[in-house]
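One structure below.
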Amino acid sequence: MIEPDALAARLPRDFTIGVAMAATQIEGAVTEGGRGRSTWDTFAAQPGRIIDGTTPEITDDHFHRYREDVALMRELGVDAYRFSIAWPRIQPEGRGAANSAGIAFYDRLLDELLEAGISPVATLFHWDVPEPLQRAGGWMTRDTASRLADFAALAADAFGDRIDKWITLNEPTTVTLNGYALGIHAPGESLLFDALTTVHNQLLGHGLSVQALRARGVKGQVGVTNVHSPVVAAQRGFMNAQFAKVFDLVHNRIYADPVLLGRYPRFPLLARKEFRALRETDPADMAIIHQPLDFYGLNYYMPTRIAVGAPTEASTPDGDAEAMRDLPFHLAEWPEYPKTGFGWPISPEYLTASLRDYAARYGGSLPPVYITEGGASFADVVDSEGRVDDASRVSYLADHIAAALDASDEVDLRGYFVWTLLDNWEWAAGLTQRFGLVHVDFDSLVRTPKSSFRWLQRVQSSRKR
Ligand code: FCB
């Protein structure tokens with residue numbers, strides 16, 4: 001195990017260590033302060049969608065307990081907090097003037113953060129499409145991109161003087177794959193390759209939002225967050241390599257290439273038809289999508305192994321998806337790696353590989369990089385002495401932060417945000433996956449720092465600044 005002071009000694013003086021959370025997963029209070037419904041409220045209310053039947057209604061009740069949560073961050077000693085601004089709190093109908101009670105909540109949160117000396121990093125879109133926009137088609141509709149940019153402008157006017165970093169989108173890949181292609185996440189569509197329309201519309205939403213933030217003169221830096229999963233073929237052979245390439249396009253390149261290089265990647269003959277939605281786009285859109293960025297956010301959780309042949313089990317890392325059965329390839333196991341509570345393979349070396357992939361693919365077009373999420377779920381319990389000993393999470397974080405630093409000779413790496421501060425509502429997995437540095441009892445809502453919290457606290461306090 002890497003000792004806190006040994007890791008601290010490796011961290012550059014200005015390297016940001018932060019924690020990340022997202023509105024739907026922590027806030028609760030879904031009908032307070034004039035908040036509108038989001039696509040996740042609707043999805044969670046449908047029977048069978050969320051593994052334990054829970055909803056965003058209460059989660060961590062952060063809306064009421066944000067002071068306690070910021071105090072925890074202060075105690076932890078993190079440099080920055082990445083949170084998301086709930087779109088339906090600011091625009092309950094997805095359009096029109098800002099809801100002042102929604103603005104007031106984030107004003108209070110920002111005051112608290114600045115008072116604690118924690119740098120605010122705000123994500124605009126962390127998956128909570130306002131329900132009226134979802135009914136109009138959500139990301140299948142081009143108009144949603146302009147609506148996001150309007151929301152960005154309102155957020156810029158309200159918070160532009162205090163937010164240090166803006167992230168337009170969080171993991172558009174996950175929205176497309178889980179939400180529209182495989183039906184595991186809201187809005188629960190199983191469109192397979194027809195879901196690719198949502199890629200372009202989200203990217204357009206990103207570009208228009210960058211323009212809107214800059215037009216309003218925000219003081220903070222502007223970037224985007226994509227999730228990267230290095231893709232490898234399970235076996236040798238042409239078809240395995242081809243399908244691995246297709247999955248790399250679907251999961252990684254179709255989001256990163258347009259943003260960083262100003263074009264969609266070349267699509268293999270094998271899947272030209274499937275990628276039609278992205279081959280026939282207006283070139284003028286690309287100029288909007290391809291904005292210079294101040295930084296690039298990369299989330300890393302795990303690599304992907306692809307094998308030829310329809311799956312025998314319809315499982316994905318985020319849940320079962322019947323639609324998978326119609327594909328000519330499947331996601332293969334990683335028997336050589338230990339697993340998180342979610343069953344995700346633990347392999348820090350692929351984080352180093354992800355960063356090296358980025359350096360190789362994007363070279364001088366890659367701005368400074370932050371790992372905007374990384375972490376693991378385990379079945380943590382509070383013992384009889386009130387302690388939560390999560391040694392597996394300590395190793396996970398130590399190994400992954402170290403693995404990220406291993407690539408800093410090739411990538412201008414500026415920080416790592418731990419997913420996440422509090423155990424929270426993990427989308428379709430409900431309250432069953434605990435990712436936090438702090439344990440939350442979901443009945444009493446009592447917060448109990450785990451040993452990983454104490455470990456990270458020691459890392460931060462051992463750093464020379
Ligand atoms: C990421 C999401 C984040 C959280 C983690 C575990 O894909 O961005 O909200 O659910 O996974």
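Here's how to read the names in the structure tokens: chain A, B, ... by the order shown, residue numbers from 1 in each chain, ligand numbers from 1 in the order shown.
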Checklist entry - Near Thr225 of chain A, counting only C-alpha atoms, which residues have an atom at most 9 Å away, once you skip same-chain residues fewer than 4 positions from it, shown as a VMD selection string? => result chain A and resid 123 167 to 172 296 to 299 370 to 372
Could you write out the selected residues, including N, CA and C atoms, as an mmCIF file, in the first residue's frame?
```
data_model
loop_
_atom_site.group_PDB
_atom_site.id
_atom_site.type_symbol
_atom_site.label_atom_id
_atom_site.label_comp_id
_atom_site.auth_asym_id
_atom_site.auth_seq_id
_atom_site.Cartn_x
_atom_site.Cartn_y
_atom_site.Cartn_z
ATOM 1 N N THR A 123 -20.423 21.407 -13.157
ATOM 2 C CA THR A 123 -20.859 20.716 -14.366
ATOM 3 C C THR A 123 -22.248 21.248 -14.712
ATOM 4 N N ILE A 167 -17.719 22.758 -16.609
ATOM 5 C CA ILE A 167 -17.724 21.543 -17.421
ATOM 6 C C ILE A 167 -19.091 21.503 -18.111
ATOM 7 N N THR A 168 -19.098 21.539 -19.425
ATOM 8 C CA THR A 168 -20.376 21.624 -20.146
ATOM 9 C C THR A 168 -21.182 20.337 -19.988
ATOM 10 N N LEU A 169 -20.565 19.200 -20.353
ATOM 11 C CA LEU A 169 -21.263 17.909 -20.328
ATOM 12 C C LEU A 169 -20.491 16.930 -19.472
ATOM 13 N N ASN A 170 -21.196 16.033 -18.795
ATOM 14 C CA ASN A 170 -20.552 14.901 -18.152
ATOM 15 C C ASN A 170 -20.859 13.627 -18.938
ATOM 16 N N GLU A 171 -19.818 12.971 -19.413
ATOM 17 C CA GLU A 171 -19.956 11.650 -20.042
ATOM 18 C C GLU A 171 -21.112 11.541 -21.035
ATOM 19 N N PRO A 172 -21.068 12.292 -22.129
ATOM 20 C CA PRO A 172 -22.111 12.102 -23.148
ATOM 21 C C PRO A 172 -22.204 10.646 -23.632
ATOM 22 N N TYR A 296 -9.350 19.707 -20.253
ATOM 23 C CA TYR A 296 -10.142 18.558 -20.698
ATOM 24 C C TYR A 296 -10.340 17.642 -19.495
ATOM 25 N N GLY A 297 -11.595 17.242 -19.272
ATOM 26 C CA GLY A 297 -11.889 16.366 -18.143
ATOM 27 C C GLY A 297 -12.033 14.920 -18.621
ATOM 28 N N LEU A 298 -11.364 14.037 -17.902
ATOM 29 C CA LEU A 298 -11.411 12.629 -18.283
ATOM 30 C C LEU A 298 -11.845 11.806 -17.072
ATOM 31 N N ASN A 299 -12.908 11.057 -17.232
ATOM 32 C CA ASN A 299 -13.302 10.121 -16.169
ATOM 33 C C ASN A 299 -12.754 8.752 -16.535
ATOM 34 N N TYR A 370 -7.584 17.068 -16.474
ATOM 35 C CA TYR A 370 -7.942 16.704 -15.096
ATOM 36 C C TYR A 370 -8.639 15.360 -15.155
ATOM 37 N N ILE A 371 -8.313 14.451 -14.267
ATOM 38 C CA ILE A 371 -9.151 13.268 -14.095
ATOM 39 C C ILE A 371 -10.325 13.787 -13.261
ATOM 40 N N THR A 372 -11.489 13.917 -13.904
ATOM 41 C CA THR A 372 -12.623 14.546 -13.222
ATOM 42 C C THR A 372 -13.459 13.545 -12.425
#
```
Item to check | Nearby residues (only C-alpha atoms) at most 12 Å from Arg272 of chain A, same-chain spacing under 6 positions excluded, as an MDAnalysis selection string | outcome: chainID A and resid 193 246 249 265:266 278:280
Please check which protein, DNA or RNA residues sit within 9 Å of ligand 1, counting only C-alpha atoms and all ligand atoms, and write them as a short mmCIF file (atom, residue, chain, number, x, y, z; two decimals) with N, CA, C and O atoms, in the first residue's frame.
```cif
data_model
loop_
_atom_site.label_atom_id
_atom_site.label_comp_id
_atom_site.auth_asym_id
_atom_site.auth_seq_id
_atom_site.Cartn_x
_atom_site.Cartn_y
_atom_site.Cartn_z
N ALA A 20 -15.88 14.78 -6.39
CA ALA A 20 -16.93 15.07 -7.38
C ALA A 20 -18.25 14.46 -6.94
O ALA A 20 -18.27 13.38 -6.36
N MET A 21 -19.33 15.20 -7.21
CA MET A 21 -20.67 14.66 -6.98
C MET A 21 -21.59 15.22 -8.08
O MET A 21 -21.17 16.04 -8.88
N ALA A 22 -22.84 14.77 -8.10
CA ALA A 22 -23.78 15.26 -9.12
C ALA A 22 -25.15 15.45 -8.48
O ALA A 22 -25.56 14.65 -7.63
N THR A 24 -28.45 15.05 -9.08
CA THR A 24 -29.48 14.02 -8.94
C THR A 24 -29.10 12.98 -7.88
O THR A 24 -29.97 12.42 -7.22
N GLN A 25 -27.81 12.75 -7.72
CA GLN A 25 -27.35 11.67 -6.85
C GLN A 25 -27.31 12.05 -5.37
O GLN A 25 -27.21 11.17 -4.52
N HIS A 126 -25.23 17.12 -15.98
CA HIS A 126 -24.92 15.79 -15.46
C HIS A 126 -26.22 14.98 -15.51
O HIS A 126 -26.75 14.56 -14.47
N TRP A 127 -26.79 14.90 -16.72
CA TRP A 127 -27.83 13.93 -17.09
C TRP A 127 -29.27 14.29 -16.75
O TRP A 127 -30.19 13.52 -17.07
N ASN A 170 -21.20 16.03 -18.80
CA ASN A 170 -20.55 14.90 -18.15
C ASN A 170 -20.86 13.63 -18.94
O ASN A 170 -22.03 13.26 -19.09
N GLU A 171 -19.82 12.97 -19.41
CA GLU A 171 -19.96 11.65 -20.04
C GLU A 171 -21.11 11.54 -21.03
O GLU A 171 -22.05 10.76 -20.82
N THR A 174 -22.15 7.97 -21.85
CA THR A 174 -23.03 7.19 -20.99
C THR A 174 -24.49 7.52 -21.27
O THR A 174 -25.35 6.65 -21.23
N THR A 225 -16.21 17.00 -19.96
CA THR A 225 -15.76 15.72 -19.40
C THR A 225 -16.27 14.55 -20.23
O THR A 225 -17.47 14.40 -20.44
N ASN A 226 -15.31 13.75 -20.69
CA ASN A 226 -15.65 12.48 -21.34
C ASN A 226 -15.13 11.34 -20.49
O ASN A 226 -14.16 11.50 -19.74
N VAL A 227 -15.77 10.19 -20.61
CA VAL A 227 -15.26 9.01 -19.91
C VAL A 227 -14.49 8.19 -20.94
O VAL A 227 -14.94 8.04 -22.08
N ASN A 299 -12.91 11.06 -17.23
CA ASN A 299 -13.30 10.12 -16.17
C ASN A 299 -12.75 8.75 -16.54
O ASN A 299 -12.82 8.35 -17.71
N TYR A 300 -12.22 8.07 -15.56
CA TYR A 300 -11.74 6.71 -15.83
C TYR A 300 -12.23 5.76 -14.74
O TYR A 300 -12.03 6.02 -13.55
N TYR A 301 -12.84 4.68 -15.17
CA TYR A 301 -13.23 3.62 -14.23
C TYR A 301 -12.64 2.25 -14.60
O TYR A 301 -12.19 1.53 -13.73
N ASP A 318 -23.20 -1.38 -16.09
CA ASP A 318 -24.20 -0.61 -15.36
C ASP A 318 -25.55 -1.31 -15.23
O ASP A 318 -26.52 -0.70 -14.78
N GLU A 373 -13.17 12.26 -12.58
CA GLU A 373 -13.79 11.23 -11.74
C GLU A 373 -12.94 9.97 -11.73
O GLU A 373 -12.45 9.54 -12.78
N GLY A 374 -12.87 9.36 -10.56
CA GLY A 374 -12.28 8.03 -10.43
C GLY A 374 -12.62 7.54 -9.03
O GLY A 374 -12.58 8.33 -8.07
N GLY A 375 -13.00 6.29 -8.93
CA GLY A 375 -13.35 5.77 -7.61
C GLY A 375 -13.97 4.39 -7.74
O GLY A 375 -14.06 3.85 -8.83
N ALA A 376 -14.39 3.83 -6.59
CA ALA A 376 -14.87 2.45 -6.60
C ALA A 376 -15.94 2.24 -5.54
O ALA A 376 -15.91 2.88 -4.49
N SER A 377 -16.87 1.34 -5.85
CA SER A 377 -17.89 1.00 -4.85
C SER A 377 -17.50 -0.30 -4.15
O SER A 377 -16.95 -1.22 -4.78
N TRP A 419 -14.37 10.22 -7.16
CA TRP A 419 -15.78 9.93 -7.13
C TRP A 419 -16.00 8.97 -5.98
O TRP A 419 -15.63 7.81 -6.11
N THR A 420 -16.45 9.40 -4.82
CA THR A 420 -17.17 10.60 -4.56
C THR A 420 -17.08 10.94 -3.08
O THR A 420 -16.57 10.10 -2.31
N ASN A 424 -23.96 7.66 -2.37
CA ASN A 424 -25.11 8.36 -2.94
C ASN A 424 -25.93 7.49 -3.87
O ASN A 424 -25.69 6.28 -3.95
N TRP A 425 -26.86 8.11 -4.54
CA TRP A 425 -27.82 7.40 -5.40
C TRP A 425 -27.16 7.11 -6.75
O TRP A 425 -26.98 8.00 -7.56
N GLU A 426 -26.80 5.87 -6.93
CA GLU A 426 -26.00 5.49 -8.10
C GLU A 426 -26.91 5.10 -9.28
O GLU A 426 -26.94 3.97 -9.73
N TRP A 427 -27.70 6.06 -9.76
CA TRP A 427 -28.52 5.88 -10.96
C TRP A 427 -29.33 4.58 -10.90
O TRP A 427 -29.99 4.34 -9.90
N GLN A 433 -24.82 0.84 -4.41
CA GLN A 433 -23.37 0.91 -4.64
C GLN A 433 -22.77 2.08 -3.89
O GLN A 433 -23.04 3.23 -4.22
N PHE A 435 -19.90 4.45 -3.13
CA PHE A 435 -18.65 4.96 -3.71
C PHE A 435 -17.97 5.99 -2.81
O PHE A 435 -16.92 6.52 -3.16
#
```
Next on the checklist: Could you list, as a PyMOL selection string, every residue within 12 Å of Arg253 of chain A, counting only C-alpha atoms and ignoring same-chain residues fewer than 6 positions away?
Outcome noted: chain A and resi 172-173+199+226-231+245-247+259-267+278+357-358+361-362
How would the residues just chosen look if you wrote them out with N, CA and C atoms as a PDB file, in the first residue's frame?
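Result went into out_4.pdb, see below:
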```pdb
ATOM      1  N   PRO A 172     -21.068  12.292 -22.129  1.00  0.00           N
ATOM      2  CA  PRO A 172     -22.111  12.102 -23.148  1.00  0.00           C
ATOM      3  C   PRO A 172     -22.204  10.646 -23.632  1.00  0.00           C
ATOM      4  N   THR A 173     -21.088   9.939 -23.573  1.00  0.00           N
ATOM      5  CA  THR A 173     -21.085   8.507 -23.948  1.00  0.00           C
ATOM      6  C   THR A 173     -22.134   7.727 -23.161  1.00  0.00           C
ATOM      7  N   VAL A 199     -25.459  11.781 -30.028  1.00  0.00           N
ATOM      8  CA  VAL A 199     -24.041  12.152 -29.905  1.00  0.00           C
ATOM      9  C   VAL A 199     -23.859  13.560 -30.447  1.00  0.00           C
ATOM     10  N   ASN A 226     -15.311  13.749 -20.690  1.00  0.00           N
ATOM     11  CA  ASN A 226     -15.650  12.484 -21.339  1.00  0.00           C
ATOM     12  C   ASN A 226     -15.130  11.341 -20.486  1.00  0.00           C
ATOM     13  N   VAL A 227     -15.768  10.189 -20.608  1.00  0.00           N
ATOM     14  CA  VAL A 227     -15.258   9.008 -19.911  1.00  0.00           C
ATOM     15  C   VAL A 227     -14.489   8.193 -20.940  1.00  0.00           C
ATOM     16  N   HIS A 228     -13.310   7.725 -20.541  1.00  0.00           N
ATOM     17  CA  HIS A 228     -12.519   6.929 -21.477  1.00  0.00           C
ATOM     18  C   HIS A 228     -12.371   5.507 -20.954  1.00  0.00           C
ATOM     19  N   SER A 229     -12.604   4.556 -21.851  1.00  0.00           N
ATOM     20  CA  SER A 229     -12.347   3.167 -21.519  1.00  0.00           C
ATOM     21  C   SER A 229     -11.478   2.580 -22.626  1.00  0.00           C
ATOM     22  N   PRO A 230     -10.224   2.249 -22.298  1.00  0.00           N
ATOM     23  CA  PRO A 230      -9.382   1.638 -23.332  1.00  0.00           C
ATOM     24  C   PRO A 230     -10.021   0.325 -23.773  1.00  0.00           C
ATOM     25  N   VAL A 231     -10.083   0.112 -25.077  1.00  0.00           N
ATOM     26  CA  VAL A 231     -10.780  -1.066 -25.603  1.00  0.00           C
ATOM     27  C   VAL A 231      -9.768  -2.043 -26.194  1.00  0.00           C
ATOM     28  N   LYS A 245     -12.509  -2.097 -32.545  1.00  0.00           N
ATOM     29  CA  LYS A 245     -12.367  -0.753 -33.119  1.00  0.00           C
ATOM     30  C   LYS A 245     -13.718  -0.030 -33.121  1.00  0.00           C
ATOM     31  N   VAL A 246     -14.755  -0.752 -33.495  1.00  0.00           N
ATOM     32  CA  VAL A 246     -16.091  -0.146 -33.504  1.00  0.00           C
ATOM     33  C   VAL A 246     -16.460   0.312 -32.092  1.00  0.00           C
ATOM     34  N   PHE A 247     -16.168  -0.525 -31.102  1.00  0.00           N
ATOM     35  CA  PHE A 247     -16.542  -0.139 -29.736  1.00  0.00           C
ATOM     36  C   PHE A 247     -15.720   1.061 -29.257  1.00  0.00           C
ATOM     37  N   VAL A 259     -14.452  17.165 -30.542  1.00  0.00           N
ATOM     38  CA  VAL A 259     -14.141  18.242 -29.596  1.00  0.00           C
ATOM     39  C   VAL A 259     -12.679  18.682 -29.740  1.00  0.00           C
ATOM     40  N   LEU A 260     -11.777  17.707 -29.879  1.00  0.00           N
ATOM     41  CA  LEU A 260     -10.349  18.043 -29.868  1.00  0.00           C
ATOM     42  C   LEU A 260      -9.751  18.242 -31.258  1.00  0.00           C
ATOM     43  N   LEU A 261     -10.298  17.536 -32.250  1.00  0.00           N
ATOM     44  CA  LEU A 261      -9.702  17.614 -33.590  1.00  0.00           C
ATOM     45  C   LEU A 261     -10.621  18.273 -34.624  1.00  0.00           C
ATOM     46  N   GLY A 262     -11.881  18.464 -34.259  1.00  0.00           N
ATOM     47  CA  GLY A 262     -12.795  19.116 -35.190  1.00  0.00           C
ATOM     48  C   GLY A 262     -13.317  18.202 -36.288  1.00  0.00           C
ATOM     49  N   ARG A 263     -13.320  16.906 -36.047  1.00  0.00           N
ATOM     50  CA  ARG A 263     -13.912  15.985 -37.035  1.00  0.00           C
ATOM     51  C   ARG A 263     -14.309  14.674 -36.373  1.00  0.00           C
ATOM     52  N   TYR A 264     -15.278  14.016 -37.019  1.00  0.00           N
ATOM     53  CA  TYR A 264     -15.575  12.654 -36.581  1.00  0.00           C
ATOM     54  C   TYR A 264     -14.485  11.733 -37.111  1.00  0.00           C
ATOM     55  N   PRO A 265     -14.238  10.629 -36.415  1.00  0.00           N
ATOM     56  CA  PRO A 265     -13.206   9.697 -36.903  1.00  0.00           C
ATOM     57  C   PRO A 265     -13.656   9.018 -38.200  1.00  0.00           C
ATOM     58  N   ARG A 266     -12.736   8.324 -38.844  1.00  0.00           N
ATOM     59  CA  ARG A 266     -13.126   7.528 -40.027  1.00  0.00           C
ATOM     60  C   ARG A 266     -13.864   6.302 -39.520  1.00  0.00           C
ATOM     61  N   PHE A 267     -14.960   5.992 -40.174  1.00  0.00           N
ATOM     62  CA  PHE A 267     -15.760   4.840 -39.737  1.00  0.00           C
ATOM     63  C   PHE A 267     -15.419   3.624 -40.588  1.00  0.00           C
ATOM     64  N   LEU A 278     -23.742  10.174 -38.045  1.00  0.00           N
ATOM     65  CA  LEU A 278     -22.593  11.053 -37.792  1.00  0.00           C
ATOM     66  C   LEU A 278     -21.814  11.365 -39.065  1.00  0.00           C
ATOM     67  N   ASP A 357      -2.984   6.959 -24.400  1.00  0.00           N
ATOM     68  CA  ASP A 357      -3.817   6.950 -25.618  1.00  0.00           C
ATOM     69  C   ASP A 357      -4.143   8.372 -26.040  1.00  0.00           C
ATOM     70  N   TYR A 358      -4.542   9.158 -25.056  1.00  0.00           N
ATOM     71  CA  TYR A 358      -4.912  10.546 -25.354  1.00  0.00           C
ATOM     72  C   TYR A 358      -3.724  11.324 -25.915  1.00  0.00           C
ATOM     73  N   ARG A 361      -3.200  10.117 -29.456  1.00  0.00           N
ATOM     74  CA  ARG A 361      -4.261  10.478 -30.399  1.00  0.00           C
ATOM     75  C   ARG A 361      -4.338  11.970 -30.654  1.00  0.00           C
ATOM     76  N   TYR A 362      -4.156  12.764 -29.584  1.00  0.00           N
ATOM     77  CA  TYR A 362      -4.490  14.188 -29.705  1.00  0.00           C
ATOM     78  C   TYR A 362      -3.290  15.119 -29.567  1.00  0.00           C
TER      79      TYR A 362
END
```
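Residue nearest Tyr396 of chain A within the list A:Val224, A:Val381, A:Met1, A:Ala153: A:Met1 [criterion: smallest interatomic distance, only C-alpha atoms].
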Next on the checklist: I want to know what sits within 7 Å of Pro449 of chain A, based on only C-alpha atoms, with residues of the same chain fewer than 4 positions away left out; could you give that as a list in words?
Outcome noted: Leu437, Val438, His439 and Phe453 of chain A
Please produce an output containing all heavy atoms for each residue in the selection, written as an mmCIF file, in the first residue's frame.
```cif
data_model
loop_
_atom_site.group_PDB
_atom_site.id
_atom_site.type_symbol
_atom_site.label_atom_id
_atom_site.label_comp_id
_atom_site.auth_asym_id
_atom_site.auth_seq_id
_atom_site.Cartn_x
_atom_site.Cartn_y
_atom_site.Cartn_z
ATOM 1 N N LEU A 437 -16.227 8.500 0.198
ATOM 2 C CA LEU A 437 -15.192 8.569 1.236
ATOM 3 C C LEU A 437 -15.888 8.663 2.592
ATOM 4 O O LEU A 437 -15.275 8.465 3.631
ATOM 5 C CB LEU A 437 -14.325 9.817 1.047
ATOM 6 C CG LEU A 437 -13.524 9.908 -0.258
ATOM 7 C CD1 LEU A 437 -12.961 11.319 -0.429
ATOM 8 C CD2 LEU A 437 -12.389 8.887 -0.272
ATOM 9 N N VAL A 438 -17.194 9.003 2.514
ATOM 10 C CA VAL A 438 -18.005 9.148 3.719
ATOM 11 C C VAL A 438 -19.201 8.208 3.596
ATOM 12 O O VAL A 438 -19.911 8.229 2.580
ATOM 13 C CB VAL A 438 -18.498 10.610 3.863
ATOM 14 C CG1 VAL A 438 -19.442 10.758 5.052
ATOM 15 C CG2 VAL A 438 -17.328 11.573 3.984
ATOM 16 N N HIS A 439 -19.399 7.390 4.613
ATOM 17 C CA HIS A 439 -20.545 6.487 4.633
ATOM 18 C C HIS A 439 -21.804 7.274 4.950
ATOM 19 O O HIS A 439 -21.785 8.175 5.802
ATOM 20 C CB HIS A 439 -20.315 5.419 5.711
ATOM 21 C CG HIS A 439 -21.425 4.427 5.861
ATOM 22 N ND1 HIS A 439 -22.563 4.690 6.586
ATOM 23 C CD2 HIS A 439 -21.562 3.179 5.359
ATOM 24 C CE1 HIS A 439 -23.359 3.634 6.530
ATOM 25 N NE2 HIS A 439 -22.778 2.699 5.795
ATOM 26 N N PHE A 453 -11.311 8.373 3.862
ATOM 27 C CA PHE A 453 -11.391 9.814 4.128
ATOM 28 C C PHE A 453 -10.177 10.243 4.942
ATOM 29 O O PHE A 453 -9.502 11.215 4.619
ATOM 30 C CB PHE A 453 -12.692 10.096 4.892
ATOM 31 C CG PHE A 453 -12.951 11.538 5.252
ATOM 32 C CD1 PHE A 453 -13.825 12.309 4.494
ATOM 33 C CD2 PHE A 453 -12.368 12.113 6.382
ATOM 34 C CE1 PHE A 453 -14.093 13.636 4.843
ATOM 35 C CE2 PHE A 453 -12.631 13.434 6.734
ATOM 36 C CZ PHE A 453 -13.497 14.194 5.964
#
```
Next on the checklist: Let's see if you can do this: from backbone DSSP, list all helix (DSSP H, G or I) residues in segment 271-401 of chain A, as JSON, numbers by chain.
Outcome noted: {"A": [271, 276, 277, 278, 279, 283, 284, 285, 286, 287, 288, 289, 322, 323, 324, 325, 326, 349, 350, 351, 352, 353, 354, 355, 356, 357, 358, 359, 360, 361, 362, 363, 364, 365, 391, 392, 393, 394, 395, 396, 397, 398, 399, 400, 401]}
Pull C-alpha atoms from the residues just selected and write them as a JSON list (two decimals), in the first residue's frame.
```json
[["chain", "number", "residue", "atom", "x", "y", "z"],
["A", 271, "ALA", "CA", -20.20, -0.26, -39.71],
["A", 276, "ARG", "CA", -24.72, 7.24, -40.86],
["A", 277, "ALA", "CA", -26.12, 9.74, -38.34],
["A", 278, "LEU", "CA", -22.59, 11.05, -37.79],
["A", 279, "ARG", "CA", -21.39, 10.92, -41.41],
["A", 283, "PRO", "CA", -19.94, 20.81, -41.42],
["A", 284, "ALA", "CA", -20.89, 24.21, -39.93],
["A", 285, "ASP", "CA", -21.80, 22.35, -36.72],
["A", 286, "MET", "CA", -18.25, 21.10, -36.41],
["A", 287, "ALA", "CA", -16.93, 24.63, -36.11],
["A", 288, "ILE", "CA", -19.25, 25.10, -33.14],
["A", 289, "ILE", "CA", -18.30, 21.78, -31.54],
["A", 322, "GLU", "CA", -31.78, -6.98, -23.36],
["A", 323, "ALA", "CA", -30.94, -4.84, -26.39],
["A", 324, "MET", "CA", -27.35, -6.12, -26.15],
["A", 325, "ARG", "CA", -28.50, -9.48, -27.43],
["A", 326, "ASP", "CA", -29.04, -8.01, -30.90],
["A", 349, "GLU", "CA", -2.52, 0.40, -15.40],
["A", 350, "TYR", "CA", -5.31, 1.10, -17.86],
["A", 351, "LEU", "CA", -5.63, 4.60, -16.44],
["A", 352, "THR", "CA", -2.00, 5.18, -17.38],
["A", 353, "ALA", "CA", -2.84, 3.64, -20.76],
["A", 354, "SER", "CA", -5.86, 5.94, -21.17],
["A", 355, "LEU", "CA", -3.73, 9.02, -20.69],
["A", 356, "ARG", "CA", -1.07, 7.69, -23.04],
["A", 357, "ASP", "CA", -3.82, 6.95, -25.62],
["A", 358, "TYR", "CA", -4.91, 10.55, -25.35],
["A", 359, "ALA", "CA", -1.37, 11.84, -25.78],
["A", 360, "ALA", "CA", -0.90, 9.64, -28.85],
["A", 361, "ARG", "CA", -4.26, 10.48, -30.40],
["A", 362, "TYR", "CA", -4.49, 14.19, -29.70],
["A", 363, "GLY", "CA", -0.91, 15.38, -29.08],
["A", 364, "GLY", "CA", -0.69, 19.16, -29.21],
["A", 365, "SER", "CA", -4.48, 19.46, -29.54],
["A", 391, "ALA", "CA", -8.98, -0.56, 2.93],
["A", 392, "SER", "CA", -9.90, -1.63, -0.63],
["A", 393, "ARG", "CA", -10.87, 1.93, -1.51],
["A", 394, "VAL", "CA", -7.64, 3.28, -0.02],
["A", 395, "SER", "CA", -5.62, 0.96, -2.28],
["A", 396, "TYR", "CA", -7.84, 1.75, -5.23],
["A", 397, "LEU", "CA", -7.34, 5.50, -4.88],
["A", 398, "ALA", "CA", -3.64, 5.32, -4.06],
["A", 399, "ASP", "CA", -2.96, 3.06, -7.03],
["A", 400, "HIS", "CA", -5.06, 5.09, -9.46],
["A", 401, "ILE", "CA", -3.67, 8.48, -8.47]]
```
Contact table segment 82-129 of chain A vs segment 58-69 of chain A, cut-off 10 Å, shortest pair per residue, only C-alpha atoms, as a tab-separated table:
```
residue	atom	partner	partner_atom	distance
A:Phe105	CA	A:Phe63	CA	7.7
A:Tyr106	CA	A:Phe63	CA	9.5
A:Arg108	CA	A:Tyr66	CA	8.9
A:Leu109	CA	A:Tyr66	CA	6.8
A:Glu112	CA	A:Arg67	CA	6.9
A:Leu113	CA	A:Arg67	CA	9.0
```
Please produce an output containing C-alpha atoms for each residue in the selection, written as an mmCIF file, in the first residue's frame.
```
data_model
loop_
_atom_site.group_PDB
_atom_site.id
_atom_site.type_symbol
_atom_site.label_atom_id
_atom_site.label_comp_id
_atom_site.auth_asym_id
_atom_site.auth_seq_id
_atom_site.Cartn_x
_atom_site.Cartn_y
_atom_site.Cartn_z
ATOM 1 C CA PHE A 105 -29.427 27.379 -3.425
ATOM 2 C CA TYR A 106 -26.240 27.429 -5.518
ATOM 3 C CA ARG A 108 -25.510 29.553 -0.714
ATOM 4 C CA LEU A 109 -23.402 26.559 -1.717
ATOM 5 C CA GLU A 112 -19.950 28.134 1.767
ATOM 6 C CA LEU A 113 -17.276 26.708 -0.564
#
```
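The interatomic distance for the pair atom CA of Gly96 of chain A and atom CA of Lys219 of chain A works out to 24.1 Å.
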